[in-house]
Every structure is written in C-alpha cells, then in structure tokens.
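Reproduced below: start12.cif, with mmCIF, C-alpha atoms.
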```
data_target
#
loop_
_atom_site.label_atom_id
_atom_site.label_comp_id
_atom_site.auth_asym_id
_atom_site.auth_seq_id
_atom_site.Cartn_x
_atom_site.Cartn_y
_atom_site.Cartn_z
CA MET A 3 50.07 5.00 -100.14
CA ALA A 4 49.43 8.70 -100.68
CA LYS A 5 46.08 8.22 -98.98
CA GLN A 6 47.69 6.50 -96.00
CA GLU A 7 50.27 9.23 -95.79
CA ARG A 8 47.53 11.84 -95.77
CA ALA A 9 45.78 9.99 -92.94
CA VAL A 10 48.97 10.00 -90.87
CA ARG A 11 49.43 13.69 -91.53
CA THR A 12 45.82 14.46 -90.52
CA ARG A 13 46.19 12.43 -87.34
CA ASN A 14 49.42 14.27 -86.43
CA ALA A 15 47.85 17.65 -87.15
CA LEU A 16 44.99 16.77 -84.78
CA ILE A 17 47.40 15.68 -82.05
CA GLU A 18 49.41 18.87 -82.40
CA SER A 19 46.29 21.05 -82.41
CA ALA A 20 44.95 19.25 -79.33
CA ALA A 21 48.30 19.59 -77.55
CA GLU A 22 48.39 23.31 -78.22
CA LEU A 23 44.81 23.93 -77.08
CA PHE A 24 44.99 21.66 -74.00
CA THR A 25 48.04 23.63 -72.84
CA ARG A 26 46.56 27.04 -73.63
CA ASP A 27 42.96 26.60 -72.48
CA GLY A 28 42.94 23.43 -70.37
CA PHE A 29 41.69 19.95 -71.23
CA GLU A 30 38.17 20.43 -69.81
CA VAL A 31 37.45 23.66 -71.65
CA VAL A 32 38.57 22.80 -75.19
CA SER A 33 35.90 21.55 -77.60
CA LEU A 34 36.50 18.95 -80.30
CA SER A 35 35.33 21.39 -82.99
CA THR A 36 37.96 23.95 -81.92
CA ILE A 37 40.61 21.24 -82.19
CA SER A 38 39.55 20.15 -85.68
CA ALA A 39 39.21 23.77 -86.87
CA ARG A 40 42.72 24.63 -85.70
CA ALA A 41 44.08 21.49 -87.38
CA GLY A 42 42.30 22.55 -90.59
CA VAL A 43 40.28 19.31 -90.84
CA SER A 44 36.58 18.48 -90.64
CA ASN A 45 34.79 17.23 -87.53
CA GLY A 46 34.18 14.01 -89.45
CA ALA A 47 37.90 13.51 -89.94
CA LEU A 48 38.48 14.04 -86.22
CA HIS A 49 35.86 11.45 -85.33
CA PHE A 50 37.36 9.03 -87.84
CA HIS A 51 40.67 9.16 -85.96
CA PHE A 52 39.54 9.71 -82.36
CA ALA A 53 36.41 8.46 -80.62
CA SER A 54 36.52 11.09 -77.87
CA LYS A 55 38.47 13.94 -76.34
CA ALA A 56 39.93 11.46 -73.86
CA ALA A 57 41.24 9.34 -76.76
CA LEU A 58 42.86 12.46 -78.17
CA ALA A 59 44.44 13.23 -74.80
CA THR A 60 45.83 9.69 -74.67
CA ALA A 61 47.31 10.16 -78.16
CA VAL A 62 48.93 13.44 -77.04
CA ARG A 63 50.39 11.70 -73.99
CA ASP A 64 51.70 8.80 -76.08
CA ALA A 65 53.31 11.15 -78.59
CA ALA A 66 54.83 13.19 -75.72
CA ALA A 67 56.18 9.99 -74.16
CA GLN A 68 57.87 9.14 -77.47
CA HIS A 69 59.41 12.61 -77.73
CA PHE A 70 60.60 12.23 -74.14
CA THR A 71 62.17 8.85 -74.91
CA ARG A 72 63.97 10.33 -77.91
CA ILE A 73 65.44 13.11 -75.75
CA THR A 74 66.54 10.86 -72.90
CA SER A 75 68.15 8.23 -75.12
CA ALA A 76 69.80 10.48 -77.68
CA ASP A 77 73.07 10.83 -75.92
CA PRO A 78 75.01 7.72 -74.85
CA PRO A 79 77.56 8.60 -72.17
CA SER A 80 81.13 8.92 -73.31
CA PRO A 81 83.87 8.55 -70.69
CA ARG A 82 86.07 10.89 -72.72
CA TYR A 83 83.62 13.76 -72.25
CA GLY A 84 82.56 13.76 -68.61
CA GLY A 85 80.70 10.44 -68.85
CA SER A 86 77.26 10.10 -67.34
CA LEU A 87 77.46 13.43 -65.52
CA GLN A 88 77.91 15.29 -68.82
CA THR A 89 75.06 13.22 -70.28
CA LEU A 90 72.87 14.40 -67.41
CA ILE A 91 73.80 18.03 -68.16
CA ASP A 92 73.25 17.60 -71.90
CA THR A 93 69.94 15.82 -71.47
CA SER A 94 68.59 18.44 -69.04
CA HIS A 95 69.39 21.08 -71.68
CA ALA A 96 67.73 19.00 -74.40
CA LEU A 97 64.61 18.58 -72.25
CA LEU A 98 64.19 22.31 -71.58
CA GLN A 99 64.94 23.16 -75.22
CA GLY A 100 62.35 20.56 -76.17
CA LEU A 101 59.79 22.11 -73.82
CA SER A 102 60.38 25.55 -75.34
CA ARG A 103 59.89 24.34 -78.91
CA ASP A 104 57.73 21.22 -78.83
CA VAL A 105 54.07 21.79 -78.00
CA ILE A 106 53.39 18.05 -77.73
CA LEU A 107 56.13 17.49 -75.15
CA ARG A 108 54.85 20.49 -73.17
CA ALA A 109 51.29 19.18 -73.25
CA GLY A 110 52.55 15.78 -72.08
CA PHE A 111 53.98 17.37 -68.95
CA ASP A 112 50.87 19.52 -68.43
CA LEU A 113 48.42 16.64 -68.82
CA GLY A 114 50.29 14.87 -66.07
CA ASP A 115 48.98 17.64 -63.86
CA ASN A 116 45.33 16.61 -63.91
CA ALA A 117 45.32 12.90 -64.53
CA GLU A 118 41.62 12.73 -63.66
CA GLY A 119 40.05 14.34 -66.70
CA ALA A 120 42.69 13.58 -69.21
CA GLY A 121 42.78 9.79 -69.11
CA GLU A 122 45.48 7.40 -68.05
CA GLY A 123 49.01 7.54 -69.34
CA GLU A 124 52.63 7.67 -68.39
CA ASP A 125 53.62 10.34 -65.93
CA LEU A 126 56.53 12.19 -67.53
CA PHE A 127 57.49 13.76 -64.20
CA GLU A 128 58.05 10.32 -62.76
CA ARG A 129 59.92 9.13 -65.83
CA TRP A 130 62.18 12.19 -65.68
CA SER A 131 62.78 11.68 -61.97
CA ALA A 132 63.69 8.01 -62.55
CA TRP A 133 65.96 8.93 -65.45
CA VAL A 134 67.86 11.50 -63.34
CA GLU A 135 68.22 8.96 -60.54
CA ASP A 136 69.77 6.50 -62.98
CA ALA A 137 72.14 9.06 -64.43
CA VAL A 138 73.32 10.12 -60.96
CA ALA A 139 73.85 6.47 -59.94
CA ARG A 140 75.91 5.88 -63.08
CA SER A 141 77.93 9.05 -62.43
CA ALA A 142 78.69 7.79 -58.92
CA ARG A 143 79.82 4.40 -60.25
CA GLU A 144 82.04 6.14 -62.80
CA GLY A 145 83.74 8.04 -59.95
CA LEU A 146 82.59 11.42 -61.25
CA LEU A 147 80.93 12.67 -58.07
CA ALA A 148 82.56 14.58 -55.22
CA ASP A 149 81.61 13.70 -51.66
CA VAL A 150 77.87 14.42 -51.96
CA ALA A 151 74.80 12.32 -51.23
CA PRO A 152 73.46 11.11 -54.59
CA ARG A 153 69.87 11.59 -53.38
CA ASP A 154 70.53 15.26 -52.63
CA LEU A 155 71.76 15.72 -56.17
CA VAL A 156 68.75 13.88 -57.67
CA THR A 157 66.34 15.99 -55.60
CA THR A 158 68.04 19.23 -56.61
CA VAL A 159 68.27 18.43 -60.35
CA VAL A 160 64.67 17.19 -60.61
CA GLY A 161 63.35 20.13 -58.57
CA ALA A 162 65.23 22.79 -60.53
CA THR A 163 64.47 21.39 -64.00
CA VAL A 164 60.77 20.94 -63.23
CA GLY A 165 60.75 24.45 -61.74
CA PHE A 166 62.34 25.96 -64.86
CA ALA A 167 59.76 24.10 -66.96
CA ALA A 168 56.88 25.44 -64.83
CA LEU A 169 58.26 29.00 -64.81
CA GLY A 170 58.78 28.71 -68.58
CA GLY A 171 55.00 28.63 -68.95
CA HIS A 172 54.95 32.22 -67.64
CA ASP A 173 58.14 33.58 -69.14
CA VAL A 174 60.14 31.66 -71.75
CA HIS A 175 63.51 32.96 -70.57
CA TRP A 176 63.34 30.31 -67.83
CA LEU A 177 63.64 27.66 -70.56
CA SER A 178 66.72 29.24 -72.10
CA ARG A 179 70.14 27.63 -72.19
CA THR A 180 71.40 30.58 -70.09
CA THR A 181 69.10 29.72 -67.17
CA LEU A 182 70.12 26.08 -67.01
CA THR A 183 73.79 26.96 -67.51
CA ARG A 184 73.59 29.22 -64.42
CA PHE A 185 72.26 26.26 -62.46
CA TRP A 186 74.98 23.85 -63.58
CA SER A 187 77.73 26.47 -63.15
CA LEU A 188 76.67 26.88 -59.55
CA LEU A 189 76.33 23.15 -58.93
CA LEU A 190 79.28 21.51 -60.69
CA PRO A 191 82.12 22.76 -58.44
CA ARG A 192 80.20 21.22 -55.55
CA VAL A 193 79.07 17.92 -57.03
CA ALA A 194 81.78 16.87 -59.52
CA SER A 195 85.03 15.26 -58.41
CA PRO A 196 88.14 17.38 -59.10
CA GLN A 197 89.18 15.10 -61.98
CA ALA A 198 85.70 15.17 -63.56
CA GLN A 199 85.50 18.95 -63.16
CA ARG A 200 87.88 19.75 -66.00
CA GLY A 201 86.01 17.91 -68.73
CA LEU A 202 82.51 19.16 -67.90
CA VAL A 203 80.62 21.79 -69.91
CA ALA A 204 77.84 23.48 -67.92
CA ALA A 205 76.24 24.85 -71.09
CA GLY A 206 75.98 21.35 -72.53
CA ARG A 207 78.21 19.61 -75.06
CA TRP A 208 75.92 20.60 -77.93
CA ALA A 209 75.70 24.27 -76.95
CA GLU A 210 77.28 25.38 -80.23
CA ALA A 211 74.81 23.38 -82.29
CA SER A 212 71.65 25.14 -81.12
CA MET B 2 28.51 42.48 -34.34
CA ALA B 3 27.66 38.79 -34.31
CA LYS B 4 26.00 39.31 -37.69
CA GLN B 5 29.09 40.98 -39.11
CA GLU B 6 31.25 38.22 -37.75
CA ARG B 7 29.03 35.64 -39.41
CA ALA B 8 29.33 37.50 -42.71
CA VAL B 9 33.14 37.46 -42.49
CA ARG B 10 33.07 33.77 -41.67
CA THR B 11 30.79 33.03 -44.64
CA ARG B 12 32.98 35.04 -46.96
CA ASN B 13 36.10 33.19 -45.79
CA ALA B 14 34.39 29.81 -46.16
CA LEU B 15 33.49 30.70 -49.74
CA ILE B 16 37.07 31.77 -50.51
CA GLU B 17 38.45 28.56 -49.05
CA SER B 18 35.92 26.42 -50.90
CA ALA B 19 36.69 28.20 -54.18
CA ALA B 20 40.44 27.83 -53.62
CA GLU B 21 40.07 24.11 -53.02
CA LEU B 22 37.86 23.52 -56.08
CA PHE B 23 39.85 25.76 -58.43
CA THR B 24 42.98 23.78 -57.57
CA ARG B 25 41.28 20.38 -57.82
CA ASP B 26 39.08 20.85 -60.88
CA GLY B 27 40.34 24.02 -62.58
CA PHE B 28 38.86 27.50 -62.63
CA GLU B 29 36.88 27.05 -65.86
CA VAL B 30 35.17 23.85 -64.81
CA VAL B 31 33.98 24.69 -61.30
CA SER B 32 30.41 25.99 -60.94
CA LEU B 33 29.31 28.59 -58.41
CA SER B 34 26.76 26.18 -56.95
CA THR B 35 29.49 23.58 -56.27
CA ILE B 36 31.47 26.27 -54.47
CA SER B 37 28.55 27.37 -52.29
CA ALA B 38 27.55 23.76 -51.55
CA ARG B 39 31.06 22.88 -50.42
CA ALA B 40 31.18 25.99 -48.23
CA GLY B 41 27.84 24.96 -46.71
CA VAL B 42 26.07 28.20 -47.68
CA SER B 43 23.23 29.08 -50.05
CA ASN B 44 23.65 30.34 -53.60
CA GLY B 45 22.06 33.57 -52.42
CA ALA B 46 24.77 34.04 -49.82
CA LEU B 47 27.43 33.49 -52.45
CA HIS B 48 25.86 36.10 -54.73
CA PHE B 49 25.59 38.51 -51.80
CA HIS B 50 29.37 38.34 -51.35
CA PHE B 51 30.60 37.80 -54.92
CA ALA B 52 29.14 39.08 -58.17
CA SER B 53 30.84 36.45 -60.33
CA LYS B 54 33.28 33.56 -60.40
CA ALA B 55 35.97 36.02 -61.53
CA ALA B 56 35.31 38.14 -58.41
CA LEU B 57 35.73 35.01 -56.32
CA ALA B 58 39.01 34.21 -58.10
CA THR B 59 40.23 37.74 -57.36
CA ALA B 60 39.35 37.27 -53.69
CA VAL B 61 41.29 33.97 -53.64
CA ARG B 62 44.29 35.67 -55.22
CA ASP B 63 44.13 38.58 -52.76
CA ALA B 64 43.91 36.24 -49.80
CA ALA B 65 46.82 34.17 -51.18
CA ALA B 66 48.86 37.34 -51.65
CA GLN B 67 48.25 38.20 -47.99
CA HIS B 68 49.31 34.72 -46.84
CA PHE B 69 52.40 35.06 -49.03
CA THR B 70 53.23 38.44 -47.48
CA ARG B 71 52.87 36.96 -44.01
CA ILE B 72 55.32 34.16 -44.87
CA THR B 73 57.92 36.38 -46.50
CA SER B 74 57.90 39.01 -43.76
CA ALA B 75 57.69 36.76 -40.72
CA ASP B 76 61.36 36.39 -40.19
CA PRO B 77 63.59 39.48 -39.90
CA PRO B 78 67.23 38.58 -40.53
CA SER B 79 69.40 38.24 -37.49
CA PRO B 80 73.16 38.57 -37.94
CA ARG B 81 73.69 36.23 -35.00
CA TYR B 82 71.99 33.37 -36.85
CA GLY B 83 73.32 33.36 -40.41
CA GLY B 84 71.71 36.68 -41.31
CA SER B 85 69.84 37.06 -44.58
CA LEU B 86 71.06 33.72 -45.92
CA GLN B 87 69.44 31.87 -43.01
CA THR B 88 66.31 33.97 -43.53
CA LEU B 89 66.24 32.78 -47.15
CA ILE B 90 66.52 29.16 -46.00
CA ASP B 91 63.85 29.60 -43.32
CA THR B 92 61.46 31.40 -45.64
CA SER B 93 61.80 28.79 -48.39
CA HIS B 94 60.86 26.13 -45.80
CA ALA B 95 57.93 28.24 -44.60
CA LEU B 96 56.71 28.69 -48.18
CA LEU B 97 56.74 24.96 -48.98
CA GLN B 98 55.17 24.11 -45.61
CA GLY B 99 52.54 26.73 -46.40
CA LEU B 100 51.86 25.19 -49.80
CA SER B 101 51.40 21.76 -48.25
CA ARG B 102 48.89 22.98 -45.66
CA ASP B 103 47.23 26.12 -46.99
CA VAL B 104 44.79 25.58 -49.85
CA ILE B 105 44.43 29.33 -50.45
CA LEU B 106 48.16 29.86 -50.89
CA ARG B 107 48.30 26.86 -53.26
CA ALA B 108 45.40 28.19 -55.31
CA GLY B 109 47.13 31.58 -55.50
CA PHE B 110 50.13 29.96 -57.16
CA ASP B 111 47.90 27.84 -59.43
CA LEU B 112 45.74 30.75 -60.56
CA GLY B 113 48.90 32.50 -61.67
CA ASP B 114 49.14 29.70 -64.22
CA ASN B 115 46.19 30.76 -66.35
CA ALA B 116 45.84 34.46 -65.83
CA GLU B 117 43.40 34.67 -68.74
CA GLY B 118 40.29 33.11 -67.27
CA ALA B 119 40.95 33.85 -63.65
CA GLY B 120 41.10 37.64 -63.69
CA GLU B 121 43.92 40.00 -62.89
CA GLY B 122 45.99 39.83 -59.76
CA GLU B 123 49.46 39.67 -58.37
CA ASP B 124 51.69 37.00 -59.77
CA LEU B 125 53.07 35.12 -56.77
CA PHE B 126 55.82 33.51 -58.88
CA GLU B 127 57.14 36.96 -59.70
CA ARG B 128 56.85 38.14 -56.12
CA TRP B 129 58.72 35.06 -54.90
CA SER B 130 61.41 35.56 -57.51
CA ALA B 131 61.82 39.23 -56.51
CA TRP B 132 61.91 38.29 -52.82
CA VAL B 133 64.68 35.71 -53.38
CA GLU B 134 66.64 38.23 -55.43
CA ASP B 135 66.45 40.69 -52.54
CA ALA B 136 67.48 38.11 -49.95
CA VAL B 137 70.48 37.05 -52.03
CA ALA B 138 71.54 40.68 -52.55
CA ARG B 139 71.31 41.27 -48.80
CA SER B 140 73.32 38.08 -48.11
CA ALA B 141 76.02 39.33 -50.50
CA ARG B 142 76.18 42.72 -48.74
CA GLU B 143 76.41 40.96 -45.38
CA GLY B 144 79.46 39.06 -46.66
CA LEU B 145 77.75 35.69 -46.30
CA LEU B 146 78.29 34.43 -49.84
CA ALA B 147 81.27 32.52 -51.16
CA ASP B 148 82.66 33.41 -54.58
CA VAL B 149 79.49 32.70 -56.57
CA ALA B 150 77.46 34.81 -59.00
CA PRO B 151 74.37 36.04 -57.08
CA ARG B 152 72.20 35.58 -60.19
CA ASP B 153 73.18 31.91 -60.42
CA LEU B 154 72.04 31.46 -56.83
CA VAL B 155 68.75 33.31 -57.41
CA THR B 156 68.02 31.22 -60.52
CA THR B 157 68.76 27.98 -58.70
CA VAL B 158 66.73 28.77 -55.57
CA VAL B 159 63.70 30.04 -57.49
CA GLY B 160 63.83 27.11 -59.92
CA ALA B 161 64.15 24.44 -57.23
CA THR B 162 61.49 25.85 -54.90
CA VAL B 163 58.97 26.33 -57.72
CA GLY B 164 59.81 22.81 -58.93
CA PHE B 165 59.23 21.29 -55.48
CA ALA B 166 55.91 23.17 -55.34
CA ALA B 167 54.87 21.85 -58.78
CA LEU B 168 55.96 18.28 -57.96
CA GLY B 169 54.14 18.58 -54.63
CA GLY B 170 50.88 18.69 -56.59
CA HIS B 171 51.59 15.09 -57.68
CA ASP B 172 53.24 13.73 -54.58
CA VAL B 173 53.31 15.64 -51.28
CA HIS B 174 56.71 14.29 -50.20
CA TRP B 175 58.22 16.94 -52.52
CA LEU B 176 56.84 19.59 -50.13
CA SER B 177 58.40 17.99 -47.07
CA ARG B 178 61.12 19.57 -44.97
CA THR B 179 63.36 16.61 -45.91
CA THR B 180 63.25 17.49 -49.61
CA LEU B 181 64.20 21.13 -49.13
CA THR B 182 66.84 20.22 -46.54
CA ARG B 183 68.50 17.96 -49.14
CA PHE B 184 68.61 20.92 -51.50
CA TRP B 185 70.14 23.31 -48.98
CA SER B 186 72.61 20.69 -47.69
CA LEU B 187 73.89 20.27 -51.22
CA LEU B 188 74.02 24.00 -51.92
CA LEU B 189 75.35 25.61 -48.73
CA PRO B 190 78.95 24.34 -48.86
CA ARG B 191 79.17 25.89 -52.34
CA VAL B 192 77.38 29.20 -51.79
CA ALA B 193 78.09 30.25 -48.19
CA SER B 194 81.36 31.82 -47.14
CA PRO B 195 83.44 29.69 -44.73
CA GLN B 196 82.58 31.98 -41.79
CA ALA B 197 78.86 31.93 -42.60
CA GLN B 198 78.89 28.15 -43.06
CA ARG B 199 79.10 27.32 -39.37
CA GLY B 200 75.98 29.18 -38.28
CA LEU B 201 73.65 27.96 -41.02
CA VAL B 202 70.92 25.35 -40.53
CA ALA B 203 69.85 23.67 -43.80
CA ALA B 204 66.69 22.32 -42.20
CA GLY B 205 65.64 25.83 -41.18
CA ARG B 206 65.94 27.57 -37.83
CA TRP B 207 62.39 26.59 -36.90
CA ALA B 208 62.75 22.93 -37.81
CA GLU B 209 62.03 21.81 -34.24
CA ALA B 210 58.84 23.85 -34.06
CA SER B 211 56.98 22.10 -36.88
#
```
Translate this file's structure into structure tokens.
Amino acid sequence: MAKQERAVRTRNALIESAAELFTRDGFEVVSLSTISARAGVSNGALHFHFASKAALATAVRDAAAQHFTRITSADPPSPRYGGSLQTLIDTSHALLQGLSRDVILRAGFDLGDNAEGAGEGEDLFERWSAWVEDAVARSAREGLLADVAPRDLVTTVVGATVGFAALGGHDVHWLSRTTLTRFWSLLLPRVASPQAQRGLVAAGRWAEAS
Amino acid sequence: MAKQERAVRTRNALIESAAELFTRDGFEVVSLSTISARAGVSNGALHFHFASKAALATAVRDAAAQHFTRITSADPPSPRYGGSLQTLIDTSHALLQGLSRDVILRAGFDLGDNAEGAGEGEDLFERWSAWVEDAVARSAREGLLADVAPRDLVTTVVGATVGFAALGGHDVHWLSRTTLTRFWSLLLPRVASPQAQRGLVAAGRWAEAS
C-alpha cells in the first residue's frame, strides 16, 4: 500500500514537472531528463511510468481535463442567487483563479495550442466554449437575460476569458479577480434582466473565500 | 538597382518564411535550412542577410511592429463618424483581419509569448493595450462614453480582442468580422452615450470594403 502510494506520488510529480516545463520552455524543447530531474526522480522511474514524452503530454492533458471538469461542475446553479448567470460568473472566476495557481490546468490550455507535437487529447478551449454556451442557454431559459442575442454573449464571454488567460501568461494581473470583475461589472447592466440584476455579484459569489 | 531590389526581396521572403515556420512549429524547433528552403533561397543567402536565428526573429518582430503601427495609425478619428470610439471599433476589426491574413503580424504576437528564446523586441500585446487605453481616454474626452469606468472598457476590449486572436489560432472563424461585430453589438448600447450611439457601426466603418 505504501509502495503503491509512493508510485502514485511519483507519477503525479512527473506530471506536474512536465506541465511546468512544457509551459515554460515548450513541448518540443523539453528533454525527459530535465523533467525527471525537476520531479526529483530517476530517469528509470520516469520510463517506468511513461513510455515517451508524448505519453507524458497525454497524461498532462488528462489531468488538466479532470481539473477543468472539477471547476466547471463545482457550482450547481441556485435560483436564489442569480441562477445560471451567477454560476457563469462564479465559474469564470474559478477558471482564471485556477489558471493562476494550477500549473497542470495552464499546461492543458497551452498544449491545446500545438496539437501536432503534443499528442491527441481534449481541447479545453472547445470544452470551455461549449460550457459557456450551455450556461448562457440555461440563463435564457431561466429568464435572467435582458434583450440580447445569446450568441453575442457567448462570443464575448469566451473571447474575454481566453484573452485574460493568454495575457496572464505575460502579466499575472490579468488573471486577478479584479480584472474579471471589471469585465462583469461592465457587462451585467447590459445582459442581465432588471430582476436578475439585483441578485448578481460581479466579483463572484465566493469572492470573500479567496 | 535591380540587384538591390533582389536583395530586399530575398530578405523579405526570408522574414515571411521565418514568420510562418515560427508560428507553425515554434521558434526553438525550426532550423535555418528549413527557413531558407521554404523561402526558395540558399543557406548562403540566408547567412548573408541574418547572422543567426535570433537575428531573424528580431527582423520578424520589427516587421510585425511596423505592420502593427500601420494598422493602428491608419484611421484618424473623425467627429462626424463616431469619433475616437468608432476609430477603436474600426482598428480592432483591422487588427483581427490583419491577424487572419498577415503571417508576419501573427508571428509578432506569437513571439511575444516566449520572449526568452526569441530575442528582445517590442511587445505587441503591451502596445495594443496602450493603444486601446488611449482610444478610450480620447472617447471619454469627446463625450462619447456613457456612464462607465474607462478602465473597465479598456480591460474588456483588450481581453476580448486578444482572446479572439488566440482562439483564431485554433479556428479562424474567431478572427472573422462576424465575431467582432457580435462583441461590439453587445457592448455599444452599454458603453456609448445616447448621442454617440446613433453614429456608430459595430461592423466597422470599412465593413463594405473587405
């Protein structure tokens, strides 16, 4: 049991090390020995867990996809608190907070950028886009939207969040709660129905907690 | 004179070839011989013009910075046509159109991503951000803005445009005029003063021309 636990820990350390180095130096450039050294394990241990760099990239993607799923399913909509529109706000905050703190999630989005070298896997951009589309459709059904075209709102939310994520790679302030709160403060008076308006928190419902 | 002209043409072909390959395969991975082969010139010609791959990256960045300057200074604001706010709309369209067509401009934004390997140069993200800030400040002075915080508008416009650019690397429809028109159609009723509203064209003033 202790041995199995150690194996899991080694595997996770390798995934985290790979995620960090793929993001910093690029998938093509990083060598397996740099990855194992940073994880503090031997080359042999790396080869025991992963047959190739591509296999490691797939493991990073899979782990990132799990982190993404956790973020986008953490927060069931509650009609008392702005329903699905507030869930969209909260989840966008959770995603950018996740990208600022979680090197695996960040690598998952980056690896989507050059699908050629880095093996097949789920495209997190597409999953995020689909998730936003769903949340906007639910908000519309719940009567939370003002007279706006749902597609315009989807386009704007996906564009801005992906942009903040990309800019966050240069300057972390773009990933801050302040940045995204500015966005939602500008948008909400336009997109939320007057009744929904009152209950909505642009900074996210969990702003106090983080 | 013909000889000089040929030299300029060779140099430009090398810059374009490098821009294309840096974007497709990444700066670290691309070899100088691939770049010269794609440009249809000899290795010797490449070395005559550029001492190293870093020198070539600098030339790509410089060329991209020039293209960027051309885009952001093409369109002096005209009070008759929505002033500086319309100029912001038009220029954002021109930038995304540029990114969809101009491999050098695209590489300039990409090279900003990993400043380490690719040499020093101007950061186009920062220049774009500063340009938007200026345009919003001018719009405010011209009385074109509704009661919104200028910084919220800057944050939203920079985030969304950079996001559309990043998503455009996966799927070109994000760079289309339709995408950006959706964004401005959603935003304008919130951010433009009632008087400014009437004169503004979300699709850009030059929509017919392209």
Once you count all atoms listed in the file, which residues of chain B turn out to be within 9 Å of chain A? Could you give them as a PyMOL selection string? chain B and resi 25-27+29-30+113-115+117-118+126+149-150+152-154+156-168+170-171+175+180-188+190-192
A straight line from CA of Phe23 in chain B to CA of Gly99 in chain B spans 17.5 Å
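Counting all atoms listed in the file and comparing B:Leu145, B:Ala131, B:Val31, B:Leu125, the residue that lies closest to Ala197 in chain B is B:Leu145.
Between CA of Ala65 in chain B and CA of Ala52 in chain B the separation is 19.6 Å.
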Exercise: Leu201 in chain B partners within 10 Å, all atoms listed in the file, chain neighbours under 4 positions left out, as a PyMOL selection string: chain B and resi 82-84+86-88+90+185-186+189+193+196-197+205-206
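Residues surrounding Gly42 in chain A within 10 Å are Thr12, Ala15, Leu16, Ser19, Thr36 and Ile37 of chain A [only C-alpha atoms; sequence separation below 5 positions excluded].
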Same residues, C-alpha atoms, output as a PDB file, keeping the file's coordinate frame:
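Result file selection_11.pdb:
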```
ATOM      1  CA  THR A  12      45.820  14.460 -90.520  1.00  0.00           C
ATOM      2  CA  ALA A  15      47.850  17.650 -87.150  1.00  0.00           C
ATOM      3  CA  LEU A  16      44.990  16.770 -84.780  1.00  0.00           C
ATOM      4  CA  SER A  19      46.290  21.050 -82.410  1.00  0.00           C
ATOM      5  CA  THR A  36      37.960  23.950 -81.920  1.00  0.00           C
ATOM      6  CA  ILE A  37      40.610  21.240 -82.190  1.00  0.00           C
TER       7      ILE A  37
END
```
One decimal, Å: what's the distance from CA of Phe51 in chain B over to CA of Arg10 in chain B, could you say? 14.1 Å
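When the distance limit is 7 Å and only C-alpha atoms are what count, the residues near Ala21 in chain A, minus those fewer than 3 positions from it on the same chain, are Ile17, Glu18, Phe24, Thr25, Val62, Val105, Ile106 and Ala109 of chain A.
Nearest residue to Gly46 in chain A among A:Leu34, A:Ala148, A:Ala142, A:Leu98 is A:Leu34, counting all atoms listed in the file.
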For Trp207 in chain B: contacts at 12 Å, all atoms listed in the file, fewer than 4 positions along chain excluded, given as a PyMOL selection string: chain B and resi 75-76+82+87-88+90-95+98+178+202-203+211
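Remark: for His50 in chain B, the closest of the candidate residues B:Arg199, B:Asp135, B:Ala66, B:Ser37 is B:Ser37 (distances computed over only C-alpha atoms).
Each of A:Ala59, A:Leu101, A:Ser33, A:Ala39 was compared to Val174 in chain A using only C-alpha atoms, and A:Leu101 turns out to be the nearest.
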